[in-house]
Amino acid sequence: MVRVTSTDRRAALQAGAGLVAGGAFAGACSTSGSASGPPSGASPGPPSPPTPAPASAPGTAASPAGPRPAPAPRAFPGQPAQISHGPRDRPRVALTFHGQGEPALAEALLGEAERHGARVTVLAVGTWLDAHPALARRILDGGHDLGNHTHRHLDINAMSETEARGEIEECARRLTRLTGSVGTWFRPSRASRASPLVQRLARAAGYPHVLSYDVDSLDFTSPGAAAVTANVLREVRDGSVVSLHFGYADTLAALPAVLDELARRGLRAVTTTELIG
């Protein structure tokens, strides 16, 4: 088992922050520059007729010239309304991340997964998408699944029907605005499983299944990277869905060892859509 020190965690955080800083600098460079116009001293020619912009429906994310809409939720015949794992006869697992927290760590976690050839599932919180909208497309462009983890990440099973519906639909609206889809999966906030009411509301919002899990890393308790690694590797097997979180340094520090050991066992980390499909 790999021992990870506090120095390792600081290095991981610095690497994640560097990734985001580099991305922000590149974005600033790509958007800066002078406005185009005729050369100095030249006589301007006749104005060109304006090119009409393609029409788009209100609330949709992409025009015909923009990014393709993200995949929509799918119904999987034969699967339960609440899915906690995939087929047990295929050497695949799904690493699923609760999408909230410092964007530098999110970027670093996605990059680490991609360096290992892994694809993950991110269940995003609506307020997090409001604060960091570019991460929605970043997740999709990396080949990962993106789904709904409610708008404010409160205890949805304890809410009234009106409040719970609002939490699901508010996040769905943000995903639609940013990606053209409500996302491929819904996971309840502050609970591993949805109540019957929340399950019904999720289906009404367009999600045929609620995504649960059968392996809990307990990374949100900040137990240290070695403990996160042990929690995952002790329980994971063919078809497992693993619960992890963005926003925790322990998770980032543990991920390389987790992915290396999964590969050694012949377990491929795929999106939940690939796992179930």
# chains A, B, ... in the order shown; residues from 1 in each chain; ligands from 1
>>> residues_around(residues="His151 of chain A", least_positions_apart="2", cutoff="8 Å", atoms="only C-alpha atoms", output="PyMOL selection string")
chain A and resi 125-127+149+153+167-171
>>> residues_around(residues="Arg268 of chain A", least_positions_apart="4", cutoff="9 Å", atoms="only C-alpha atoms", output="PyMOL selection string")
chain A and resi 91-94+117-118+259+262-263
>>> residues_around(residues="Asp214 of chain A", least_positions_apart="4", cutoff="12 Å", atoms="only C-alpha atoms", output="list in words")
Gln82, Ile83, Ser84, His85, Gly86, Val93, Ala94, Leu95, Thr96, Ser192, Arg193, Asn231, Val232, Arg234, Glu235, Val236, Arg237, Asp238, Gly239, Ser240, Val241, Val242, Ser243 and Leu244 of chain A
>>> write_last_selection(atoms="N, CA and C atoms", output="PDB file, in the first residue's frame")
ATOM      1  N   GLN A  82     -33.320   2.097  -9.113  1.00  0.00           N
ATOM      2  CA  GLN A  82     -32.115   2.613  -8.464  1.00  0.00           C
ATOM      3  C   GLN A  82     -30.974   1.630  -8.719  1.00  0.00           C
ATOM      4  N   ILE A  83     -29.966   2.098  -9.415  1.00  0.00           N
ATOM      5  CA  ILE A  83     -28.850   1.245  -9.819  1.00  0.00           C
ATOM      6  C   ILE A  83     -27.686   1.456  -8.865  1.00  0.00           C
ATOM      7  N   SER A  84     -27.219   0.374  -8.243  1.00  0.00           N
ATOM      8  CA  SER A  84     -26.077   0.483  -7.334  1.00  0.00           C
ATOM      9  C   SER A  84     -24.827  -0.193  -7.880  1.00  0.00           C
ATOM     10  N   HIS A  85     -24.974  -1.003  -8.914  1.00  0.00           N
ATOM     11  CA  HIS A  85     -23.801  -1.631  -9.533  1.00  0.00           C
ATOM     12  C   HIS A  85     -24.178  -2.115 -10.926  1.00  0.00           C
ATOM     13  N   GLY A  86     -23.163  -2.440 -11.705  1.00  0.00           N
ATOM     14  CA  GLY A  86     -23.366  -2.963 -13.043  1.00  0.00           C
ATOM     15  C   GLY A  86     -23.239  -4.477 -13.080  1.00  0.00           C
ATOM     16  N   VAL A  93     -15.507  -1.211 -13.834  1.00  0.00           N
ATOM     17  CA  VAL A  93     -16.014  -0.491 -12.671  1.00  0.00           C
ATOM     18  C   VAL A  93     -16.275   0.949 -13.083  1.00  0.00           C
ATOM     19  N   ALA A  94     -17.134   1.632 -12.334  1.00  0.00           N
ATOM     20  CA  ALA A  94     -17.419   3.048 -12.574  1.00  0.00           C
ATOM     21  C   ALA A  94     -16.991   3.854 -11.353  1.00  0.00           C
ATOM     22  N   LEU A  95     -16.073   4.789 -11.559  1.00  0.00           N
ATOM     23  CA  LEU A  95     -15.690   5.736 -10.519  1.00  0.00           C
ATOM     24  C   LEU A  95     -16.577   6.962 -10.672  1.00  0.00           C
ATOM     25  N   THR A  96     -17.399   7.242  -9.673  1.00  0.00           N
ATOM     26  CA  THR A  96     -18.356   8.350  -9.760  1.00  0.00           C
ATOM     27  C   THR A  96     -17.985   9.415  -8.739  1.00  0.00           C
ATOM     28  N   SER A 192     -27.329   7.910  -0.085  1.00  0.00           N
ATOM     29  CA  SER A 192     -26.881   6.926  -1.066  1.00  0.00           C
ATOM     30  C   SER A 192     -28.028   6.452  -1.953  1.00  0.00           C
ATOM     31  N   ARG A 193     -29.255   6.531  -1.418  1.00  0.00           N
ATOM     32  CA  ARG A 193     -30.421   6.095  -2.185  1.00  0.00           C
ATOM     33  C   ARG A 193     -31.527   7.136  -2.072  1.00  0.00           C
ATOM     34  N   ASN A 231     -10.145   1.789   1.356  1.00  0.00           N
ATOM     35  CA  ASN A 231     -11.607   1.671   1.346  1.00  0.00           C
ATOM     36  C   ASN A 231     -12.123   1.241  -0.015  1.00  0.00           C
ATOM     37  N   VAL A 232     -11.534   1.797  -1.071  1.00  0.00           N
ATOM     38  CA  VAL A 232     -11.975   1.438  -2.427  1.00  0.00           C
ATOM     39  C   VAL A 232     -11.540   0.018  -2.778  1.00  0.00           C
ATOM     40  N   ARG A 234     -10.606  -2.504  -1.041  1.00  0.00           N
ATOM     41  CA  ARG A 234     -11.108  -3.602  -0.217  1.00  0.00           C
ATOM     42  C   ARG A 234     -12.455  -4.113  -0.739  1.00  0.00           C
ATOM     43  N   GLU A 235     -13.297  -3.238  -1.287  1.00  0.00           N
ATOM     44  CA  GLU A 235     -14.656  -3.610  -1.653  1.00  0.00           C
ATOM     45  C   GLU A 235     -14.891  -3.737  -3.160  1.00  0.00           C
ATOM     46  N   VAL A 236     -14.068  -3.125  -3.977  1.00  0.00           N
ATOM     47  CA  VAL A 236     -14.359  -3.049  -5.407  1.00  0.00           C
ATOM     48  C   VAL A 236     -14.255  -4.421  -6.076  1.00  0.00           C
ATOM     49  N   ARG A 237     -15.139  -4.664  -7.011  1.00  0.00           N
ATOM     50  CA  ARG A 237     -15.111  -5.895  -7.805  1.00  0.00           C
ATOM     51  C   ARG A 237     -15.823  -5.649  -9.121  1.00  0.00           C
ATOM     52  N   ASP A 238     -15.929  -6.674  -9.933  1.00  0.00           N
ATOM     53  CA  ASP A 238     -16.578  -6.521 -11.237  1.00  0.00           C
ATOM     54  C   ASP A 238     -17.936  -5.835 -11.075  1.00  0.00           C
ATOM     55  N   GLY A 239     -18.155  -4.782 -11.861  1.00  0.00           N
ATOM     56  CA  GLY A 239     -19.441  -4.108 -11.875  1.00  0.00           C
ATOM     57  C   GLY A 239     -19.632  -3.051 -10.815  1.00  0.00           C
ATOM     58  N   SER A 240     -18.657  -2.817  -9.945  1.00  0.00           N
ATOM     59  CA  SER A 240     -18.843  -1.872  -8.840  1.00  0.00           C
ATOM     60  C   SER A 240     -19.023  -0.437  -9.327  1.00  0.00           C
ATOM     61  N   VAL A 241     -19.830   0.302  -8.569  1.00  0.00           N
ATOM     62  CA  VAL A 241     -19.950   1.751  -8.717  1.00  0.00           C
ATOM     63  C   VAL A 241     -19.369   2.360  -7.444  1.00  0.00           C
ATOM     64  N   VAL A 242     -18.327   3.169  -7.591  1.00  0.00           N
ATOM     65  CA  VAL A 242     -17.576   3.698  -6.457  1.00  0.00           C
ATOM     66  C   VAL A 242     -17.946   5.162  -6.246  1.00  0.00           C
ATOM     67  N   SER A 243     -18.225   5.524  -4.996  1.00  0.00           N
ATOM     68  CA  SER A 243     -18.541   6.908  -4.637  1.00  0.00           C
ATOM     69  C   SER A 243     -17.272   7.628  -4.200  1.00  0.00           C
ATOM     70  N   LEU A 244     -16.947   8.726  -4.916  1.00  0.00           N
ATOM     71  CA  LEU A 244     -15.806   9.585  -4.617  1.00  0.00           C
ATOM     72  C   LEU A 244     -16.267  11.036  -4.705  1.00  0.00           C
TER      73      LEU A 244
END
>>> atom_distance(atom1="atom CA of Pro73 of chain A", atom2="atom CA of Val182 of chain A")
7.5 Å
>>> residues_around(residues="Asp145 of chain A", least_positions_apart="4", cutoff="8 Å", atoms="only C-alpha atoms", output="list in words")
Arg119, Val120, Thr121, Val122, Ile139, Leu140, Gly183, Thr184, Thr271, Thr272 and Thr273 of chain A
>>> write_last_selection(atoms="N, CA, C and O atoms", output="tab-separated table (two decimals), in the first residue's frame")
chain	number	residue	atom	x	y	z
A	119	ARG	N	-12.19	6.64	-17.65
A	119	ARG	CA	-13.30	7.57	-17.84
A	119	ARG	C	-14.18	7.48	-16.60
A	119	ARG	O	-14.39	6.38	-16.06
A	120	VAL	N	-14.70	8.61	-16.15
A	120	VAL	CA	-15.42	8.66	-14.88
A	120	VAL	C	-16.81	9.26	-15.09
A	120	VAL	O	-17.16	9.68	-16.19
A	121	THR	N	-17.56	9.30	-14.01
A	121	THR	CA	-18.89	9.91	-14.01
A	121	THR	C	-18.91	11.01	-12.97
A	121	THR	O	-18.52	10.79	-11.82
A	122	VAL	N	-19.34	12.20	-13.37
A	122	VAL	CA	-19.40	13.35	-12.46
A	122	VAL	C	-20.86	13.73	-12.28
A	122	VAL	O	-21.57	14.02	-13.25
A	139	ILE	N	-15.65	18.40	-18.58
A	139	ILE	CA	-15.95	17.00	-18.23
A	139	ILE	C	-16.37	16.23	-19.47
A	139	ILE	O	-15.87	15.13	-19.74
A	140	LEU	N	-17.28	16.78	-20.23
A	140	LEU	CA	-17.76	16.08	-21.42
A	140	LEU	C	-16.67	15.92	-22.47
A	140	LEU	O	-16.55	14.87	-23.11
A	183	GLY	N	-28.30	15.83	-18.58
A	183	GLY	CA	-27.28	14.94	-18.04
A	183	GLY	C	-27.71	13.50	-18.12
A	183	GLY	O	-28.90	13.19	-18.29
A	184	THR	N	-26.76	12.59	-17.98
A	184	THR	CA	-27.09	11.18	-18.19
A	184	THR	C	-27.61	10.48	-16.94
A	184	THR	O	-28.25	9.43	-17.04
A	271	THR	N	-17.15	4.92	-17.86
A	271	THR	CA	-18.31	5.72	-17.43
A	271	THR	C	-19.43	4.78	-16.97
A	271	THR	O	-19.46	3.60	-17.33
A	272	THR	N	-20.34	5.32	-16.21
A	272	THR	CA	-21.48	4.51	-15.76
A	272	THR	C	-22.32	4.05	-16.94
A	272	THR	O	-22.85	2.92	-16.94
A	273	THR	N	-22.46	4.89	-17.96
A	273	THR	CA	-23.21	4.49	-19.16
A	273	THR	C	-22.57	3.26	-19.80
A	273	THR	O	-23.26	2.31	-20.19
>>> select_by_dssp(residues="segment 90-205 of chain A", states="strand (DSSP E or B)", output="PyMOL selection string")
chain A and resi 92-99+121-124+145-148+186
>>> closest_residue(among="A:Gln199, A:Pro67, A:Phe186, A:Asp89", to="Arg138 of chain A", atoms="only C-alpha atoms")
A:Pro67
>>> closest_residue(among="A:Leu255, A:Met159, A:Leu135, A:Ala81", to="Ala106 of chain A", atoms="only C-alpha atoms")
A:Leu135
>>> closest_residue(among="A:Leu218, A:Ala104, A:Leu201, A:Ala72", to="Ala164 of chain A", atoms="only C-alpha atoms")
A:Leu201
>>> residues_around(residues="Ala75 of chain A", least_positions_apart="5", cutoff="9 Å", atoms="only C-alpha atoms", output="VMD selection string")
chain A and resid 207 to 209
>>> atom_distance(atom1="atom CA of Asp219 of chain A", atom2="atom CA of Asp250 of chain A")
6.8 Å
>>> select_by_dssp(residues="segment 100-216 of chain A", states="helix (DSSP H, G or I)", output="ChimeraX atom specification")
/A:103-115,126-131,134-141,156-158,161-179,196-204
>>> atom_distance(atom1="atom CA of Pro256 of chain A", atom2="atom CA of Asn148 of chain A")
26.0 Å
>>> closest_residue(among="A:Leu109, A:Ala202, A:Leu197, A:Leu178", to="Ala134 of chain A", atoms="only C-alpha atoms")
A:Leu178
>>> decode(residues="segment 195-240 of chain A", atoms="N, CA and C atoms", output="PDB file, in the first residue's frame")
ATOM      1  N   SER A 195     -35.430   8.413  -1.777  1.00  0.00           N
ATOM      2  CA  SER A 195     -36.719   7.993  -1.250  1.00  0.00           C
ATOM      3  C   SER A 195     -37.672   7.721  -2.425  1.00  0.00           C
ATOM      4  N   PRO A 196     -38.779   7.017  -2.180  1.00  0.00           N
ATOM      5  CA  PRO A 196     -39.740   6.797  -3.271  1.00  0.00           C
ATOM      6  C   PRO A 196     -40.211   8.106  -3.899  1.00  0.00           C
ATOM      7  N   LEU A 197     -40.415   9.153  -3.096  1.00  0.00           N
ATOM      8  CA  LEU A 197     -40.836  10.443  -3.639  1.00  0.00           C
ATOM      9  C   LEU A 197     -39.767  11.018  -4.561  1.00  0.00           C
ATOM     10  N   VAL A 198     -38.525  11.041  -4.124  1.00  0.00           N
ATOM     11  CA  VAL A 198     -37.439  11.607  -4.939  1.00  0.00           C
ATOM     12  C   VAL A 198     -37.227  10.776  -6.194  1.00  0.00           C
ATOM     13  N   GLN A 199     -37.355   9.488  -6.063  1.00  0.00           N
ATOM     14  CA  GLN A 199     -37.243   8.616  -7.240  1.00  0.00           C
ATOM     15  C   GLN A 199     -38.313   8.981  -8.275  1.00  0.00           C
ATOM     16  N   ARG A 200     -39.537   9.209  -7.811  1.00  0.00           N
ATOM     17  CA  ARG A 200     -40.619   9.564  -8.731  1.00  0.00           C
ATOM     18  C   ARG A 200     -40.374  10.925  -9.376  1.00  0.00           C
ATOM     19  N   LEU A 201     -39.882  11.887  -8.592  1.00  0.00           N
ATOM     20  CA  LEU A 201     -39.617  13.214  -9.129  1.00  0.00           C
ATOM     21  C   LEU A 201     -38.471  13.187 -10.138  1.00  0.00           C
ATOM     22  N   ALA A 202     -37.470  12.374  -9.879  1.00  0.00           N
ATOM     23  CA  ALA A 202     -36.356  12.261 -10.825  1.00  0.00           C
ATOM     24  C   ALA A 202     -36.825  11.687 -12.148  1.00  0.00           C
ATOM     25  N   ARG A 203     -37.688  10.681 -12.072  1.00  0.00           N
ATOM     26  CA  ARG A 203     -38.219  10.115 -13.315  1.00  0.00           C
ATOM     27  C   ARG A 203     -39.025  11.155 -14.084  1.00  0.00           C
ATOM     28  N   ALA A 204     -39.831  11.938 -13.369  1.00  0.00           N
ATOM     29  CA  ALA A 204     -40.626  12.980 -14.025  1.00  0.00           C
ATOM     30  C   ALA A 204     -39.734  14.043 -14.674  1.00  0.00           C
ATOM     31  N   ALA A 205     -38.533  14.253 -14.122  1.00  0.00           N
ATOM     32  CA  ALA A 205     -37.602  15.239 -14.674  1.00  0.00           C
ATOM     33  C   ALA A 205     -36.796  14.682 -15.840  1.00  0.00           C
ATOM     34  N   GLY A 206     -36.989  13.396 -16.148  1.00  0.00           N
ATOM     35  CA  GLY A 206     -36.323  12.831 -17.325  1.00  0.00           C
ATOM     36  C   GLY A 206     -35.264  11.800 -17.046  1.00  0.00           C
ATOM     37  N   TYR A 207     -35.118  11.374 -15.789  1.00  0.00           N
ATOM     38  CA  TYR A 207     -34.080  10.405 -15.429  1.00  0.00           C
ATOM     39  C   TYR A 207     -34.730   9.043 -15.151  1.00  0.00           C
ATOM     40  N   PRO A 208     -34.580   8.085 -16.048  1.00  0.00           N
ATOM     41  CA  PRO A 208     -35.234   6.783 -15.839  1.00  0.00           C
ATOM     42  C   PRO A 208     -34.696   6.021 -14.633  1.00  0.00           C
ATOM     43  N   HIS A 209     -33.439   6.291 -14.266  1.00  0.00           N
ATOM     44  CA  HIS A 209     -32.821   5.581 -13.147  1.00  0.00           C
ATOM     45  C   HIS A 209     -32.176   6.576 -12.179  1.00  0.00           C
ATOM     46  N   VAL A 210     -32.139   6.199 -10.905  1.00  0.00           N
ATOM     47  CA  VAL A 210     -31.354   6.897  -9.891  1.00  0.00           C
ATOM     48  C   VAL A 210     -30.047   6.125  -9.731  1.00  0.00           C
ATOM     49  N   LEU A 211     -28.937   6.854  -9.673  1.00  0.00           N
ATOM     50  CA  LEU A 211     -27.637   6.199  -9.565  1.00  0.00           C
ATOM     51  C   LEU A 211     -27.175   6.175  -8.116  1.00  0.00           C
ATOM     52  N   SER A 212     -27.052   4.990  -7.562  1.00  0.00           N
ATOM     53  CA  SER A 212     -26.517   4.794  -6.222  1.00  0.00           C
ATOM     54  C   SER A 212     -25.085   4.256  -6.364  1.00  0.00           C
ATOM     55  N   TYR A 213     -24.612   3.465  -5.397  1.00  0.00           N
ATOM     56  CA  TYR A 213     -23.266   2.894  -5.470  1.00  0.00           C
ATOM     57  C   TYR A 213     -23.166   1.746  -4.480  1.00  0.00           C
ATOM     58  N   ASP A 214     -22.164   0.893  -4.687  1.00  0.00           N
ATOM     59  CA  ASP A 214     -21.943  -0.227  -3.769  1.00  0.00           C
ATOM     60  C   ASP A 214     -20.595  -0.146  -3.059  1.00  0.00           C
ATOM     61  N   VAL A 215     -19.762   0.843  -3.408  1.00  0.00           N
ATOM     62  CA  VAL A 215     -18.473   1.045  -2.746  1.00  0.00           C
ATOM     63  C   VAL A 215     -18.376   2.515  -2.345  1.00  0.00           C
ATOM     64  N   ASP A 216     -18.189   2.767  -1.049  1.00  0.00           N
ATOM     65  CA  ASP A 216     -18.066   4.135  -0.542  1.00  0.00           C
ATOM     66  C   ASP A 216     -16.625   4.358  -0.103  1.00  0.00           C
ATOM     67  N   SER A 217     -15.946   5.292  -0.754  1.00  0.00           N
ATOM     68  CA  SER A 217     -14.546   5.578  -0.403  1.00  0.00           C
ATOM     69  C   SER A 217     -14.406   6.311   0.923  1.00  0.00           C
ATOM     70  N   LEU A 218     -15.493   6.964   1.382  1.00  0.00           N
ATOM     71  CA  LEU A 218     -15.481   7.779   2.603  1.00  0.00           C
ATOM     72  C   LEU A 218     -14.439   8.896   2.530  1.00  0.00           C
ATOM     73  N   ASP A 219     -14.116   9.325   1.313  1.00  0.00           N
ATOM     74  CA  ASP A 219     -13.110  10.371   1.163  1.00  0.00           C
ATOM     75  C   ASP A 219     -13.558  11.697   1.755  1.00  0.00           C
ATOM     76  N   PHE A 220     -14.880  11.931   1.847  1.00  0.00           N
ATOM     77  CA  PHE A 220     -15.390  13.190   2.386  1.00  0.00           C
ATOM     78  C   PHE A 220     -15.118  13.344   3.876  1.00  0.00           C
ATOM     79  N   THR A 221     -14.697  12.266   4.532  1.00  0.00           N
ATOM     80  CA  THR A 221     -14.316  12.343   5.943  1.00  0.00           C
ATOM     81  C   THR A 221     -12.844  12.722   6.111  1.00  0.00           C
ATOM     82  N   SER A 222     -12.123  12.905   5.018  1.00  0.00           N
ATOM     83  CA  SER A 222     -10.691  13.254   5.021  1.00  0.00           C
ATOM     84  C   SER A 222      -9.884  12.300   5.900  1.00  0.00           C
ATOM     85  N   PRO A 223      -9.941  10.981   5.609  1.00  0.00           N
ATOM     86  CA  PRO A 223      -9.240  10.006   6.444  1.00  0.00           C
ATOM     87  C   PRO A 223      -7.771   9.829   6.073  1.00  0.00           C
ATOM     88  N   GLY A 224      -7.301  10.510   5.022  1.00  0.00           N
ATOM     89  CA  GLY A 224      -5.956  10.300   4.498  1.00  0.00           C
ATOM     90  C   GLY A 224      -6.013   9.479   3.223  1.00  0.00           C
ATOM     91  N   ALA A 225      -5.068   9.716   2.345  1.00  0.00           N
ATOM     92  CA  ALA A 225      -5.075   9.057   1.038  1.00  0.00           C
ATOM     93  C   ALA A 225      -4.962   7.540   1.150  1.00  0.00           C
ATOM     94  N   ALA A 226      -4.152   7.065   2.097  1.00  0.00           N
ATOM     95  CA  ALA A 226      -3.993   5.616   2.246  1.00  0.00           C
ATOM     96  C   ALA A 226      -5.316   4.960   2.621  1.00  0.00           C
ATOM     97  N   ALA A 227      -6.096   5.612   3.486  1.00  0.00           N
ATOM     98  CA  ALA A 227      -7.389   5.054   3.882  1.00  0.00           C
ATOM     99  C   ALA A 227      -8.381   5.085   2.730  1.00  0.00           C
ATOM    100  N   VAL A 228      -8.386   6.158   1.953  1.00  0.00           N
ATOM    101  CA  VAL A 228      -9.265   6.221   0.777  1.00  0.00           C
ATOM    102  C   VAL A 228      -8.935   5.080  -0.183  1.00  0.00           C
ATOM    103  N   THR A 229      -7.650   4.882  -0.434  1.00  0.00           N
ATOM    104  CA  THR A 229      -7.219   3.793  -1.319  1.00  0.00           C
ATOM    105  C   THR A 229      -7.685   2.446  -0.779  1.00  0.00           C
ATOM    106  N   ALA A 230      -7.482   2.218   0.514  1.00  0.00           N
ATOM    107  CA  ALA A 230      -7.868   0.941   1.115  1.00  0.00           C
ATOM    108  C   ALA A 230      -9.376   0.741   1.080  1.00  0.00           C
ATOM    109  N   ASN A 231     -10.145   1.789   1.356  1.00  0.00           N
ATOM    110  CA  ASN A 231     -11.607   1.671   1.346  1.00  0.00           C
ATOM    111  C   ASN A 231     -12.123   1.241  -0.015  1.00  0.00           C
ATOM    112  N   VAL A 232     -11.534   1.797  -1.071  1.00  0.00           N
ATOM    113  CA  VAL A 232     -11.975   1.438  -2.427  1.00  0.00           C
ATOM    114  C   VAL A 232     -11.540   0.018  -2.778  1.00  0.00           C
ATOM    115  N   LEU A 233     -10.263  -0.271  -2.596  1.00  0.00           N
ATOM    116  CA  LEU A 233      -9.718  -1.542  -3.089  1.00  0.00           C
ATOM    117  C   LEU A 233     -10.193  -2.737  -2.273  1.00  0.00           C
ATOM    118  N   ARG A 234     -10.606  -2.504  -1.041  1.00  0.00           N
ATOM    119  CA  ARG A 234     -11.108  -3.602  -0.217  1.00  0.00           C
ATOM    120  C   ARG A 234     -12.455  -4.113  -0.739  1.00  0.00           C
ATOM    121  N   GLU A 235     -13.297  -3.238  -1.287  1.00  0.00           N
ATOM    122  CA  GLU A 235     -14.656  -3.610  -1.653  1.00  0.00           C
ATOM    123  C   GLU A 235     -14.891  -3.737  -3.160  1.00  0.00           C
ATOM    124  N   VAL A 236     -14.068  -3.125  -3.977  1.00  0.00           N
ATOM    125  CA  VAL A 236     -14.359  -3.049  -5.407  1.00  0.00           C
ATOM    126  C   VAL A 236     -14.255  -4.421  -6.076  1.00  0.00           C
ATOM    127  N   ARG A 237     -15.139  -4.664  -7.011  1.00  0.00           N
ATOM    128  CA  ARG A 237     -15.111  -5.895  -7.805  1.00  0.00           C
ATOM    129  C   ARG A 237     -15.823  -5.649  -9.121  1.00  0.00           C
ATOM    130  N   ASP A 238     -15.929  -6.674  -9.933  1.00  0.00           N
ATOM    131  CA  ASP A 238     -16.578  -6.521 -11.237  1.00  0.00           C
ATOM    132  C   ASP A 238     -17.936  -5.835 -11.075  1.00  0.00           C
ATOM    133  N   GLY A 239     -18.155  -4.782 -11.861  1.00  0.00           N
ATOM    134  CA  GLY A 239     -19.441  -4.108 -11.875  1.00  0.00           C
ATOM    135  C   GLY A 239     -19.632  -3.051 -10.815  1.00  0.00           C
ATOM    136  N   SER A 240     -18.657  -2.817  -9.945  1.00  0.00           N
ATOM    137  CA  SER A 240     -18.843  -1.872  -8.840  1.00  0.00           C
ATOM    138  C   SER A 240     -19.023  -0.437  -9.327  1.00  0.00           C
TER     139      SER A 240
END
